[in-house]
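Presented below is the structure to which this report refers.
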Amino acid sequence: MHKNFTYNFKIYYEDTDAGGVVYYANYLRFLERARTEALFDLGLSNSILKKDFGSLIIVKSCNIEYKKSAYLEDNLSISSYISSASKTSIIMNQSIFRSNEKIVVADVHLVFVNENVKPIKISESIMEKFKPYFKLN
C-alpha cells in the first residue's frame, strides 16, 4: 500500500478572477507548491537536490483535467503519489479536492536533470525516500 502526500491550503482573492473563480493556470502553481512541500516532508528540497546531488527537477509535461471550479475562500487539499518511475524521471499523480469532491486531476512528468539540463539518473538515496509514495502499476 502506498502513501499519499497531502497538502492543505485556502483560496485567496489573488488566486481568483473578478467573479471569485480560481483562474485555471493557478492550479499549476498549487500543484507545484504541493510537490515542493512533499520534498520538504521527505527531508529534501530543491536547494538540497542541487547542492548535494547536482540535480534539478523539471516538468517535462503535465496532463491536467479540470472537473469543477474552486472559489474564493475554498479550503482545498492536494493528494500526491508517484504512479510510475524510470531511471531519470517520475510521473506524479496529483488530485485537488474540495472536501471529498475531486475537482482537478493531473499527471505531471518530472525529469531529474543536471545544471546543463541533461537528464541524469535519480540517486538511489532519493528513490529510497520516494518509495513509500510509489503506486506502480
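In the C-alpha cells, the first chain shown is A, the next is B, and so on; residue numbers restart at 1 for each chain, and ligands run from 1 in the order shown.
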8 Å contact set for stretch 76-79 of chain A, only C-alpha atoms, chain neighbours under 5 positions out, as a list in words: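 That gives Asn4, Phe5, Thr6, Tyr7, Asn8, Phe9, Lys10, Ile11, Leu31, Ala34, Gln94, Ser95, Ile96, Phe97, Arg98 and Ser99 of chain A.
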Residue neighbourhood A:Lys3, 8 Å, only C-alpha atoms, exclusion window fewer than 3 positions, as a list in words: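 Selected residues are Tyr81, Pro132, Tyr133 and Phe134 of chain A.
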Find the residues of stretch 62-89 of chain A that sit at most 6 Å from stretch 14-28 of chain A; for each, write down the nearest two atoms and how far apart they are in Å, to one decimal. Count only C-alpha atoms. Sort by chain, then by number going up, and give it as a Markdown table.
```
| residue | atom | partner | partner_atom | distance |
| --- | --- | --- | --- | --- |
| A:Ala70 | CA | A:Val22 | CA | 5.5 |
| A:Tyr71 | CA | A:Val21 | CA | 4.6 |
| A:Leu72 | CA | A:Gly20 | CA | 5.1 |
```
Would you put the residues from that selection into a file with C-alpha atoms, as a PDB file, in the first residue's frame?
```
ATOM      1  CA  ALA A  70     -12.678  26.256  -6.980  1.00  0.00           C
ATOM      2  CA  TYR A  71     -13.828  29.548  -5.468  1.00  0.00           C
ATOM      3  CA  LEU A  72     -12.675  32.332  -3.180  1.00  0.00           C
TER       4      LEU A  72
END
```
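For the pair atom CA of A:Lys67 and atom CA of A:Asn93, the interatomic distance is 15.2 Å.
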All alpha helix (DSSP H) residues (DSSP, backbone) inside stretch 19-132 of chain A, as a PyMOL selection string: chain A and resi 26-41+46-53+124-130
Those of chain A in DSSP strand (DSSP E or B), formatted as a ChimeraX atom specification: /A:5-10,16,21-22,56-66,71,75-85,89-98,101-113,119,134
Pick from A:Gly54, A:Tyr12, A:Asn100, A:Glu115, whichever lies nearest to A:Asp74 using only C-alpha atoms: A:Tyr12
Pick from A:Leu56, A:Ala85, A:Ile103, A:Cys62, whichever lies nearest to A:Phe130 using only C-alpha atoms: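 Looking only at the distances to A:Phe130, the closest residue turns out to be A:Ala85.
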Coordinates-based distance that separates atom CA of A:Ser84 from atom CA of A:Ser47 (Å, one decimal): 24.1 Å
Closest of A:Asp107, A:Glu32, A:Glu101, A:Asp52 to A:Asn75 - atom-to-atom distances counting only C-alpha atoms: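 That would be A:Glu101, the residue with the smallest distance to A:Asn75.
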Selected residue of minimal separation from A:Ile90 among A:Met127, A:Ile58, A:Leu110, A:Leu39, counting only C-alpha atoms: A:Leu110
Nearest to A:Lys87, chosen from A:Val59, A:Leu42, A:Ile120, A:Ile126, with only C-alpha atoms counted in the distances: A:Ile120
Gap from atom CA of A:Asn63 to atom CA of A:Val108 - Å, one decimal: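 Calculated distance between atom CA of A:Asn63 and atom CA of A:Val108 is 6.5 Å.
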Neighbour list for A:Lys60 as an MDAnalysis selection string, cut-off 10 Å, only C-alpha atoms, skip fewer than 3 positions in-chain: chainID A and resid 57 89 91 108:112
Selection export as a PDB file, in the first residue's frame, atoms kept: C-alpha atoms:
```pdb
ATOM      1  CA  ILE A  57      13.660  18.604 -11.153  1.00  0.00           C
ATOM      2  CA  SER A  89      12.054  10.558 -14.241  1.00  0.00           C
ATOM      3  CA  ILE A  91       5.220  10.639 -13.034  1.00  0.00           C
ATOM      4  CA  VAL A 108       2.970  15.519 -14.032  1.00  0.00           C
ATOM      5  CA  HIS A 109       6.056  14.066 -15.742  1.00  0.00           C
ATOM      6  CA  LEU A 110       9.106  15.193 -13.738  1.00  0.00           C
ATOM      7  CA  VAL A 111      12.645  14.713 -15.019  1.00  0.00           C
ATOM      8  CA  PHE A 112      15.858  14.903 -12.998  1.00  0.00           C
TER       9      PHE A 112
END
```
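Between A:Ile64 and the candidates A:Val104, A:Leu49, A:Met92, A:Ser86, the tightest atom-to-atom separation, counting only C-alpha atoms, involves A:Val104.
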